[in-house]
>>> print(open('data.txt').read())   # compact mmCIF, C-alpha atoms
# COMPACT_ATOMS: atom_id res chain seq x y z
CA MET A 1 -63.84 12.48 -106.06
CA ALA A 2 -67.40 13.42 -105.09
CA VAL A 3 -69.22 11.10 -107.46
CA PHE A 4 -71.39 8.88 -105.32
CA SER A 5 -74.66 7.06 -104.85
CA ILE A 6 -77.21 7.38 -102.03
CA PRO A 7 -79.65 4.49 -101.67
CA HIS A 8 -83.03 4.14 -99.94
CA VAL A 9 -84.26 7.73 -100.20
CA ARG A 10 -86.85 9.09 -102.60
CA MET A 11 -88.51 12.41 -103.32
CA SER A 12 -92.21 12.23 -102.48
CA GLY A 13 -93.30 15.82 -102.97
CA ILE A 14 -92.18 19.30 -103.92
CA THR A 15 -93.68 22.80 -103.75
CA ALA A 16 -92.57 26.35 -104.48
CA ALA A 17 -93.60 29.83 -103.36
CA VAL A 18 -92.79 33.20 -104.89
CA PRO A 19 -93.54 36.79 -103.89
CA GLY A 20 -96.70 38.18 -105.49
CA HIS A 21 -94.91 41.34 -106.59
CA ILE A 22 -93.81 41.20 -110.24
CA GLU A 23 -91.19 43.43 -111.86
CA ALA A 24 -90.88 43.54 -115.63
CA ASN A 25 -87.53 43.87 -117.35
CA ASN A 26 -89.02 45.96 -120.14
CA GLY A 27 -89.68 48.67 -117.57
CA LEU A 28 -86.11 48.89 -116.28
CA SER A 29 -84.55 52.33 -116.23
CA GLY A 30 -80.99 53.08 -117.31
CA PHE A 31 -81.23 51.01 -120.51
CA SER A 32 -81.95 52.13 -124.05
CA PRO A 33 -84.89 50.35 -125.77
CA GLU A 34 -82.37 48.45 -127.95
CA GLU A 35 -80.36 47.38 -124.89
CA LEU A 36 -83.51 46.15 -123.19
CA GLU A 37 -84.59 44.17 -126.22
CA LEU A 38 -81.20 42.48 -126.44
CA LEU A 39 -81.08 41.91 -122.68
CA ILE A 40 -84.49 40.23 -122.56
CA ARG A 41 -83.72 38.14 -125.60
CA THR A 42 -80.31 37.04 -124.31
CA THR A 43 -81.21 36.40 -120.68
CA GLY A 44 -84.65 35.01 -121.49
CA ILE A 45 -86.05 36.91 -118.51
CA ASP A 46 -89.24 38.93 -118.96
CA THR A 47 -90.36 39.29 -115.36
CA ARG A 48 -88.95 38.74 -111.89
CA ARG A 49 -90.47 38.26 -108.44
CA VAL A 50 -89.25 40.63 -105.77
CA ALA A 51 -90.08 40.09 -102.11
CA PRO A 52 -91.32 43.06 -100.10
CA SER A 53 -89.22 44.05 -97.10
CA ASP A 54 -91.33 41.99 -94.69
CA VAL A 55 -91.04 38.73 -96.64
CA CYS A 56 -87.89 36.65 -96.18
CA ALA A 57 -86.70 33.39 -97.72
CA SER A 58 -87.92 31.67 -94.56
CA ASP A 59 -91.45 32.97 -95.18
CA LEU A 60 -91.50 31.71 -98.77
CA CYS A 61 -90.16 28.31 -97.70
CA TYR A 62 -92.62 28.20 -94.81
CA GLU A 63 -95.59 28.64 -97.14
CA ALA A 64 -94.19 26.01 -99.50
CA ALA A 65 -93.59 23.59 -96.59
CA VAL A 66 -97.08 24.04 -95.08
CA ARG A 67 -98.70 23.29 -98.44
CA LEU A 68 -96.41 20.33 -99.01
CA MET A 69 -97.15 18.77 -95.61
CA GLU A 70 -100.89 19.28 -96.16
CA GLY A 71 -100.68 17.70 -99.60
CA LEU A 72 -98.77 14.69 -98.33
CA ASN A 73 -100.81 14.42 -95.12
CA TRP A 74 -97.66 14.67 -93.06
CA LEU A 75 -98.05 15.52 -89.39
CA PRO A 76 -95.43 17.95 -88.06
CA GLU A 77 -94.28 15.46 -85.42
CA GLU A 78 -93.47 12.92 -88.15
CA VAL A 79 -90.68 15.07 -89.65
CA ASP A 80 -87.33 13.71 -88.46
CA ALA A 81 -84.96 16.13 -90.22
CA LEU A 82 -85.06 19.60 -91.74
CA VAL A 83 -82.29 21.07 -93.90
CA PHE A 84 -82.45 24.74 -94.92
CA VAL A 85 -80.35 26.01 -97.81
CA THR A 86 -80.07 29.78 -98.18
CA GLN A 87 -77.68 32.71 -98.48
CA THR A 88 -80.28 35.12 -97.15
CA PRO A 89 -81.16 33.83 -93.69
CA ASP A 90 -83.36 35.83 -91.33
CA TYR A 91 -80.39 36.33 -89.01
CA GLN A 92 -76.65 35.81 -88.98
CA LEU A 93 -77.56 33.53 -86.08
CA PRO A 94 -79.46 31.38 -85.36
CA GLY A 95 -79.95 29.58 -88.65
CA ASN A 96 -83.26 29.36 -90.50
CA SER A 97 -83.60 25.60 -89.93
CA MET A 98 -84.15 26.14 -86.20
CA LEU A 99 -86.63 28.97 -86.82
CA LEU A 100 -88.62 26.77 -89.18
CA GLN A 101 -88.54 23.78 -86.82
CA ASP A 102 -90.50 25.91 -84.38
CA ARG A 103 -92.69 27.69 -86.91
CA LEU A 104 -93.75 24.47 -88.63
CA GLY A 105 -94.48 22.89 -85.26
CA LEU A 106 -91.91 20.13 -85.75
CA SER A 107 -90.89 17.95 -82.85
CA GLY A 108 -87.96 18.70 -80.54
CA ASN A 109 -86.49 15.42 -81.76
CA CYS A 110 -86.14 16.81 -85.28
CA LEU A 111 -82.58 17.17 -86.61
CA THR A 112 -81.95 20.61 -88.16
CA LEU A 113 -79.12 21.79 -90.37
CA ASP A 114 -78.33 24.98 -92.30
CA ILE A 115 -76.34 25.01 -95.52
CA HIS A 116 -74.90 28.23 -96.94
CA GLN A 117 -75.03 27.61 -100.67
CA GLY A 118 -76.18 29.45 -103.77
CA CYS A 119 -77.07 28.24 -107.22
CA ALA A 120 -75.79 24.69 -106.62
CA GLY A 121 -77.60 24.65 -103.28
CA TYR A 122 -80.49 22.40 -104.18
CA VAL A 123 -78.26 19.58 -105.36
CA TYR A 124 -75.90 20.01 -102.39
CA GLY A 125 -78.84 20.18 -99.94
CA LEU A 126 -80.43 17.11 -101.48
CA SER A 127 -77.18 15.17 -101.12
CA ALA A 128 -76.80 16.25 -97.47
CA LEU A 129 -80.34 15.38 -96.39
CA ALA A 130 -80.60 12.20 -98.45
CA GLY A 131 -77.20 11.09 -97.16
CA LEU A 132 -78.23 11.69 -93.55
CA MET A 133 -81.50 9.82 -94.00
CA SER A 134 -79.91 6.95 -95.88
CA ALA A 135 -77.24 6.46 -93.24
CA SER A 136 -79.53 6.86 -90.23
CA GLY A 137 -82.82 5.43 -91.41
CA LEU A 138 -84.66 8.64 -90.48
CA LYS A 139 -88.06 8.29 -92.14
CA LYS A 140 -89.19 11.75 -93.25
CA GLY A 141 -87.15 14.81 -94.10
CA LEU A 142 -87.85 18.33 -95.37
CA LEU A 143 -85.44 20.17 -97.64
CA LEU A 144 -86.19 23.90 -97.68
CA VAL A 145 -84.30 25.84 -100.33
CA GLY A 146 -84.83 29.52 -100.99
CA ASP A 147 -83.41 33.01 -101.21
CA THR A 148 -84.51 36.61 -101.24
CA ILE A 149 -81.38 37.37 -103.23
CA THR A 150 -82.78 40.68 -104.54
CA ARG A 151 -82.06 42.08 -101.07
CA LEU A 152 -78.33 41.77 -101.77
CA LEU A 153 -78.32 43.70 -105.05
CA ASP A 154 -77.07 47.20 -105.78
CA PRO A 155 -80.12 48.92 -107.30
CA LEU A 156 -77.81 50.59 -109.84
CA ASP A 157 -76.04 47.39 -110.92
CA LYS A 158 -77.17 46.70 -114.50
CA GLY A 159 -75.45 43.32 -114.40
CA THR A 160 -77.51 41.82 -111.58
CA ILE A 161 -80.82 43.70 -111.25
CA PRO A 162 -82.36 42.33 -114.50
CA ILE A 163 -81.36 38.77 -113.61
CA PHE A 164 -82.15 37.92 -110.01
CA SER A 165 -85.45 37.11 -108.38
CA ASP A 166 -86.83 35.62 -105.14
CA ALA A 167 -88.38 32.23 -104.34
CA GLY A 168 -88.65 29.53 -101.68
CA THR A 169 -89.24 25.81 -102.08
CA ALA A 170 -89.89 22.68 -100.04
CA THR A 171 -89.04 19.09 -100.97
CA ALA A 172 -90.18 16.02 -99.07
CA LEU A 173 -87.84 13.05 -98.81
CA VAL A 174 -88.77 9.66 -97.40
CA PHE A 175 -86.69 6.64 -96.43
CA ASP A 176 -87.68 3.79 -98.74
CA THR A 177 -85.60 0.65 -99.22
CA GLY A 178 -87.24 0.19 -102.61
CA ALA A 179 -86.18 3.59 -103.93
CA ALA A 180 -83.79 3.87 -106.86
CA PRO A 181 -80.48 5.35 -105.65
CA LEU A 182 -79.82 9.05 -106.08
CA GLN A 183 -76.52 9.54 -107.94
CA PHE A 184 -74.47 12.69 -107.44
CA ASN A 185 -71.48 14.47 -108.94
CA LEU A 186 -70.49 17.49 -106.80
CA GLN A 187 -67.58 19.86 -107.53
CA THR A 188 -65.98 23.05 -106.17
CA ASN A 189 -63.40 25.64 -107.24
CA GLY A 190 -62.78 28.03 -104.34
CA ALA A 191 -59.87 29.64 -106.21
CA LYS A 192 -62.46 31.52 -108.28
CA SER A 193 -64.59 32.47 -105.29
CA ASP A 194 -64.27 36.19 -106.04
CA ALA A 195 -66.27 35.79 -109.27
CA ILE A 196 -69.42 36.22 -107.17
CA ARG A 197 -68.86 37.81 -103.81
CA MET A 198 -70.35 40.18 -101.27
CA GLU A 199 -67.21 41.61 -99.65
CA GLY A 200 -68.86 43.35 -96.73
CA SER A 201 -71.22 40.56 -95.77
CA GLY A 202 -69.18 38.75 -93.16
CA SER A 203 -66.48 39.24 -90.58
CA ARG A 204 -63.51 39.39 -93.01
CA LYS A 205 -64.15 42.90 -94.38
CA GLN A 206 -66.75 44.62 -92.30
CA ASP A 207 -66.38 47.89 -94.22
CA GLY A 208 -66.43 46.13 -97.60
CA ASP A 209 -68.94 46.49 -100.41
CA ALA A 210 -72.39 45.75 -99.02
CA PHE A 211 -73.77 44.47 -102.32
CA MET A 212 -73.39 41.17 -104.13
CA ARG A 213 -71.05 41.59 -107.12
CA MET A 214 -70.81 39.22 -110.03
CA ARG A 215 -68.16 39.08 -112.75
CA GLY A 216 -70.56 38.01 -115.46
CA HIS A 217 -67.95 36.99 -118.03
CA ASP A 218 -66.10 34.73 -115.57
CA ILE A 219 -69.32 33.06 -114.43
CA PHE A 220 -70.38 32.59 -118.03
CA THR A 221 -67.14 30.88 -119.09
CA PHE A 222 -67.23 28.78 -115.90
CA GLY A 223 -70.68 27.52 -116.84
CA LEU A 224 -69.60 26.84 -120.43
CA LYS A 225 -66.56 24.89 -119.27
CA GLU A 226 -67.76 22.88 -116.30
CA VAL A 227 -71.46 22.03 -116.39
CA ALA A 228 -71.74 19.74 -119.41
CA PRO A 229 -68.69 17.60 -118.43
CA ASN A 230 -70.09 17.30 -114.88
CA ILE A 231 -73.39 15.96 -116.23
CA GLU A 232 -71.70 13.68 -118.76
CA LYS A 233 -69.56 12.16 -116.02
CA LEU A 234 -72.65 11.63 -113.84
CA LEU A 235 -74.48 9.92 -116.71
CA ALA A 236 -71.51 7.60 -117.24
CA PHE A 237 -71.30 6.84 -113.50
CA SER A 238 -75.04 6.15 -113.41
CA GLU A 239 -74.77 3.97 -116.52
CA VAL A 240 -77.61 5.83 -118.18
CA ALA A 241 -77.70 7.39 -121.64
CA ALA A 242 -78.70 11.02 -122.13
CA GLU A 243 -81.52 9.82 -124.41
CA GLU A 244 -83.09 7.97 -121.46
CA ILE A 245 -83.42 11.13 -119.38
CA ASP A 246 -86.87 12.74 -119.47
CA TYR A 247 -85.79 16.17 -118.20
CA PHE A 248 -82.55 18.02 -117.67
CA VAL A 249 -83.47 20.68 -115.11
CA LEU A 250 -80.62 23.19 -115.16
CA HIS A 251 -80.08 26.08 -112.79
CA GLN A 252 -81.84 28.99 -114.46
CA ALA A 253 -78.81 31.22 -114.98
CA ASN A 254 -79.67 32.89 -118.27
CA MET A 255 -80.97 31.66 -121.62
CA LEU A 256 -77.71 32.20 -123.52
CA LEU A 257 -75.65 30.10 -121.10
CA ASN A 258 -78.27 27.41 -120.57
CA GLU A 259 -78.83 26.97 -124.29
CA SER A 260 -75.07 26.68 -124.82
CA ILE A 261 -74.95 23.93 -122.17
CA ARG A 262 -77.92 22.18 -123.75
CA LYS A 263 -76.23 22.19 -127.16
CA LYS A 264 -73.01 20.82 -125.66
CA LEU A 265 -75.03 17.97 -124.16
CA ARG A 266 -76.83 17.46 -127.52
CA VAL A 267 -80.17 17.36 -125.72
CA PRO A 268 -83.39 18.36 -127.53
CA ALA A 269 -85.01 21.59 -126.38
CA GLU A 270 -88.17 19.88 -125.11
CA LYS A 271 -86.12 18.04 -122.47
CA VAL A 272 -84.72 21.23 -120.95
CA PRO A 273 -87.51 23.17 -119.19
CA TYR A 274 -87.24 26.87 -118.41
CA THR A 275 -88.82 29.12 -115.81
CA LEU A 276 -86.48 32.03 -116.54
CA GLN A 277 -89.07 33.93 -118.52
CA SER A 278 -91.47 34.39 -115.60
CA TYR A 279 -89.29 33.92 -112.52
CA GLY A 280 -85.73 34.92 -113.50
CA ASN A 281 -82.74 33.54 -111.62
CA THR A 282 -83.93 32.72 -108.10
CA SER A 283 -80.48 31.56 -106.91
CA CYS A 284 -80.66 28.22 -105.07
CA ALA A 285 -84.41 27.90 -105.74
CA THR A 286 -84.29 27.72 -109.55
CA VAL A 287 -83.96 23.94 -109.81
CA PRO A 288 -86.83 22.99 -107.47
CA LEU A 289 -89.01 25.83 -108.83
CA THR A 290 -88.47 24.52 -112.35
CA LEU A 291 -89.21 20.99 -111.13
CA VAL A 292 -92.56 22.19 -109.78
CA GLU A 293 -93.43 23.89 -113.05
CA THR A 294 -92.35 20.84 -115.06
CA LEU A 295 -94.44 18.50 -112.91
CA ALA A 296 -97.41 20.81 -113.39
CA ARG A 297 -97.03 20.46 -117.18
CA GLN A 298 -96.73 16.66 -117.02
CA GLU A 299 -99.93 15.10 -118.29
CA VAL A 300 -99.13 11.68 -116.85
CA ALA A 301 -97.66 11.54 -113.36
CA GLY A 302 -95.48 8.48 -113.33
CA ASN A 303 -91.91 7.27 -113.42
CA LEU A 304 -89.49 9.86 -114.68
CA GLN A 305 -85.74 10.12 -115.00
CA TRP A 306 -84.19 13.48 -114.18
CA ILE A 307 -80.87 15.23 -114.25
CA LEU A 308 -80.92 18.22 -111.91
CA SER A 309 -77.91 20.51 -112.14
CA GLY A 310 -76.89 23.63 -110.20
CA PHE A 311 -73.88 25.90 -110.71
CA GLY A 312 -72.72 29.27 -109.41
CA VAL A 313 -71.32 31.01 -106.35
CA GLY A 314 -68.36 29.31 -104.75
CA LEU A 315 -67.58 28.42 -107.41
CA SER A 316 -69.65 25.35 -106.84
CA TRP A 317 -71.50 23.02 -109.14
CA GLY A 318 -73.12 19.64 -109.07
CA SER A 319 -75.71 17.36 -110.57
CA VAL A 320 -77.96 14.57 -109.44
CA TYR A 321 -79.52 11.73 -111.41
CA ALA A 322 -82.89 10.78 -109.93
CA LYS A 323 -85.30 8.13 -111.03
CA THR A 324 -88.61 9.08 -109.47
CA GLY A 325 -92.05 7.63 -109.03
CA LYS A 326 -95.07 9.76 -108.28
CA ILE A 327 -94.11 13.14 -106.81
CA TRP A 328 -96.85 15.19 -105.19
CA SER A 329 -96.89 18.85 -106.20
CA CYS A 330 -99.18 21.84 -106.67
CA PRO A 331 -99.10 25.11 -108.63
CA VAL A 332 -96.56 27.73 -107.52
CA ILE A 333 -97.87 29.59 -104.47
CA GLU A 334 -97.90 33.40 -104.38
CA VAL A 335 -96.99 35.11 -101.10
CA HIS A 336 -98.03 38.68 -100.35
CA GLY A 337 -96.44 40.71 -97.58
CA ALA A 338 -98.10 43.35 -95.46
CA ASN A 339 -95.92 46.09 -97.03
CA MET B 1 -43.30 31.29 -153.66
CA ILE B 2 -45.63 34.12 -154.50
CA ASN B 3 -48.39 31.67 -155.38
CA LEU B 4 -47.92 29.76 -152.11
CA SER B 5 -48.17 32.97 -150.05
CA LYS B 6 -51.24 33.98 -151.97
CA SER B 7 -52.84 30.60 -151.30
CA ILE B 8 -52.15 30.86 -147.55
CA PHE B 9 -53.49 34.39 -147.55
CA ASN B 10 -56.63 33.30 -149.37
CA ARG B 11 -57.23 30.47 -146.93
CA MET B 12 -56.70 32.79 -143.96
CA ASN B 13 -58.97 35.37 -145.49
CA GLU B 14 -61.63 32.76 -146.13
CA GLY B 15 -61.35 31.60 -142.53
CA TYR B 16 -61.66 35.14 -141.27
CA LEU B 17 -64.71 35.86 -143.43
CA GLN B 18 -66.36 32.73 -142.09
CA PHE B 19 -65.49 33.77 -138.52
CA LYS B 20 -66.85 37.26 -139.15
CA ALA B 21 -70.09 35.85 -140.57
CA ILE B 22 -70.56 33.66 -137.47
CA ILE B 23 -70.02 36.60 -135.14
CA GLU B 24 -72.23 38.90 -137.20
CA SER B 25 -75.02 36.35 -137.22
CA ALA B 26 -74.72 35.70 -133.48
CA LEU B 27 -74.76 39.40 -132.61
CA ASP B 28 -77.75 40.18 -134.85
CA PRO B 29 -77.05 43.01 -137.33
CA ASN B 30 -79.82 45.11 -135.75
CA PHE B 31 -77.77 45.52 -132.59
CA ILE B 32 -74.27 45.95 -134.02
CA VAL B 33 -72.68 49.38 -133.61
CA ASP B 34 -69.22 48.55 -134.98
CA LEU B 35 -68.59 44.85 -135.51
CA GLU B 36 -64.84 45.21 -136.15
CA HIS B 37 -64.09 47.10 -132.94
CA ILE B 38 -64.54 45.02 -129.82
CA ARG B 39 -64.61 48.02 -127.47
CA THR B 40 -67.93 49.09 -128.96
CA TRP B 41 -69.58 45.84 -127.88
CA THR B 42 -71.69 45.78 -124.73
CA SER B 43 -70.92 43.16 -122.08
CA MET B 44 -73.98 41.22 -123.23
CA GLN B 45 -72.69 41.21 -126.82
CA SER B 46 -69.30 40.01 -125.60
CA LEU B 47 -70.97 37.01 -123.96
CA ILE B 48 -72.90 36.26 -127.13
CA VAL B 49 -69.61 36.25 -129.05
CA VAL B 50 -67.91 34.06 -126.43
CA SER B 51 -70.79 31.60 -126.68
CA ALA B 52 -70.63 31.55 -130.50
CA ILE B 53 -66.86 31.00 -130.53
CA ASP B 54 -67.22 28.19 -128.00
CA GLU B 55 -69.97 26.56 -130.07
CA HIS B 56 -68.26 26.83 -133.47
CA TYR B 57 -64.56 26.55 -132.56
CA ASP B 58 -64.62 24.90 -129.11
CA VAL B 59 -62.38 27.70 -127.82
CA LEU B 60 -63.17 29.41 -124.52
CA VAL B 61 -62.43 33.17 -124.53
CA SER B 62 -61.87 34.53 -121.03
CA HIS B 63 -62.43 38.14 -120.01
CA GLU B 64 -58.64 38.61 -119.97
CA ASP B 65 -58.36 37.17 -123.50
CA LEU B 66 -61.04 39.51 -124.77
CA VAL B 67 -59.62 42.71 -123.27
CA ALA B 68 -56.22 41.84 -124.76
CA VAL B 69 -57.54 42.30 -128.31
CA ASP B 70 -59.06 45.39 -129.92
CA THR B 71 -60.39 44.27 -133.27
CA LEU B 72 -62.27 41.35 -134.78
CA PRO B 73 -59.25 40.23 -136.88
CA GLU B 74 -57.17 40.16 -133.69
CA LEU B 75 -59.82 38.04 -131.99
CA TYR B 76 -59.79 35.69 -134.96
CA GLY B 77 -55.99 35.51 -134.64
CA PHE B 78 -56.40 34.53 -130.99
CA VAL B 79 -58.89 31.77 -131.86
CA ARG B 80 -56.59 30.46 -134.63
CA GLN B 81 -53.67 30.43 -132.21
CA LYS B 82 -55.72 28.41 -129.71
CA LEU B 83 -56.65 25.94 -132.43
CA SER B 84 -53.11 25.43 -133.70
>>> encode(input="data.txt", output="structure tokens")
Amino acid sequence: MAVFSIPHVRMSGITAAVPGHIEANNGLSGFSPEELELLIRTTGIDTRRVAPSDVCASDLCYEAAVRLMEGLNWLPEEVDALVFVTQTPDYQLPGNSMLLQDRLGLSGNCLTLDIHQGCAGYVYGLSALAGLMSASGLKKGLLLVGDTITRLLDPLDKGTIPIFSDAGTATALVFDTGAAPLQFNLQTNGAKSDAIRMEGSGSRKQDGDAFMRMRGHDIFTFGLKEVAPNIEKLLAFSEVAAEEIDYFVLHQANMLLNESIRKKLRVPAEKVPYTLQSYGNTSCATVPLTLVETLARQEVAGNLQWILSGFGVGLSWGSVYAKTGKIWSCPVIEVHGAN
Amino acid sequence: MINLSKSIFNRMNEGYLQFKAIIESALDPNFIVDLEHIRTWTSMQSLIVVSAIDEHYDVLVSHEDLVAVDTLPELYGFVRQKLS
């Protein structure tokens, strides 16, 4: 059972970058005005960020990482480990973590690791990097999480185009024996892996469908069934009451699903922040992007208790309970391509 | 015997009317084409209904469950069956 605790690692900073190009859902073609009104109301998504063809997830994460390292006064040679979570790497091989080790000027002694994960990717990536650092004593680590998921969409697919958006994020972790432990509850159901799939994306079916397909109803009922119990179990394991949590940062799937989860958890609306309206569903980047926006709205930067929860492709879902001190952040960065 | 049947019918009818009111309210009358006929619902409306049924009855309606019924009374029958 993947319910566990990782000591001696804390989050010290977090940043996010999005493409400058904005697409509005009220301008989508192929929908009647009534359909659009219902779609925007139900998904909660007004606008999305779409990366131009010359901007990849690695570029968005790079910009976020540069700003983060500047803000924290980290020297590149001080970074001991870099984990990159994405489903839209620059290349099939090598992985983005190695590309970013070079691009960020990190030392040759830096450990790099790529994780192929979607909407639960931030929580999974955090567990992997924090676990490595906790076990090894590595001092500073970077977790880069981002996707240009809009590249994988069928432009005629009315089920995915209005939802998905692009973003990249960077999170700084430091080894600290005084840090409160990070508590995780991670779960998987590979039997339902065809609920979100891109058939022609790998070596199994090379002539398969080249677009990401999502069975919306199946994903919706999966979210309704699994997310709240996962969080409740984590709260019980962490011996913390829901009332003590300052923010429940959920993967930004869609407003209807997220509000249903919030009601199941009996959590007041002000404790569940949203970035859906402006940024849509940015795949693995939604949780850290929403963290950045939430920190920006915090009037007092101090100790906070968080539940961060991701759920989606895999099917895969997981949550982390984090008790944080001061986290350095800055407003969301906009990245403009040459095209 | 007749009175007992009538009482059961009334209770069922009351339950159905309550169910119908919940679905109608969740779907928003402005967007309803034909509430009683599930095939007229868009996929978005289907999810709204699934969410409302989960919230009010704690019953999860899968895609397969939904395509197996054609009308709102049939959907109510499915929910009742799950609850019994």
>>> atom_distance(input="data.txt", atom1="atom CA of B:Asp28", atom2="atom CA of A:Arg213")
28.6 Å
>>> residues_near_point(input="data.txt", point="(-58.1, 33.1, -123.0)", cutoff="12 Å", atoms="all atoms listed in the file", output="NGL selection string")
(:A and (217-218 or 221)) or (:B and (50 or 53-54 or 59-69 or 75 or 78-79 or 81-83))
>>> interface_residues(input="data.txt", of="chain A", to="chain B", cutoff="9 Å", atoms="all atoms listed in the file", output="ChimeraX atom specification")
/A:34-35,38-39,42,159,216-218,220-221,224-225,256-257,260,263-264
>>> residues_around(input="data.txt", residues="A:Leu308", least_positions_apart="2", cutoff="7 Å", atoms="all atoms listed in the file", output="ChimeraX atom specification")
/A:248-250,287,306,310,319-321
>>> atom_distance(input="data.txt", atom1="atom CA of A:Pro229", atom2="atom CA of A:Ala241")
14.0 Å
>>> closest_residue(input="data.txt", among="B:Ser84, B:Ser25, B:Leu35, B:Asn13", to="B:Tyr57", atoms="all atoms listed in the file")
B:Ser84
>>> residues_around(input="data.txt", residues="A:Leu186", least_positions_apart="6", cutoff="9 Å", atoms="all atoms listed in the file", output="ChimeraX atom specification")
/A:1-4,120,123-124,230,316-320
>>> residues_around(input="data.txt", residues="A:Phe311", least_positions_apart="2", cutoff="10 Å", atoms="all atoms listed in the file", output="NGL selection string")
:A and (118-123 or 186-188 or 219 or 222-223 or 226-227 or 250-253 or 283-284 or 309 or 313-319)
>>> residues_around(input="data.txt", residues="stretch 74-79 of chain A", least_positions_apart="4", cutoff="7 Å", atoms="only C-alpha atoms", output="JSON, numbers by chain")
{"A": [69, 70, 104, 105, 106, 107, 110, 140, 141]}
>>> atom_distance(input="data.txt", atom1="atom CA of A:Ile161", atom2="atom CA of A:Asp209")
16.3 Å
>>> residues_around(input="data.txt", residues="stretch 64-68 of chain A", least_positions_apart="2", cutoff="6 Å", atoms="all atoms listed in the file", output="PyMOL selection string")
chain A and resi 15-17+61-62+70-71+169-170
>>> residues_near_point(input="data.txt", point="(-76.7, 6.7, -110.7)", cutoff="10 Å", atoms="only C-alpha atoms", output="MDAnalysis selection string")
chainID A and resid 3:7 180:185 234:240 320:323
>>> closest_residue(input="data.txt", among="B:Asp70, B:Val33, B:Ala26, B:Glu14", to="B:His56", atoms="all atoms listed in the file")
B:Ala26
>>> closest_residue(input="data.txt", among="A:Ala210, A:Ile231, A:Leu152, A:Ala242", to="A:Ile261", atoms="only C-alpha atoms")
A:Ile231
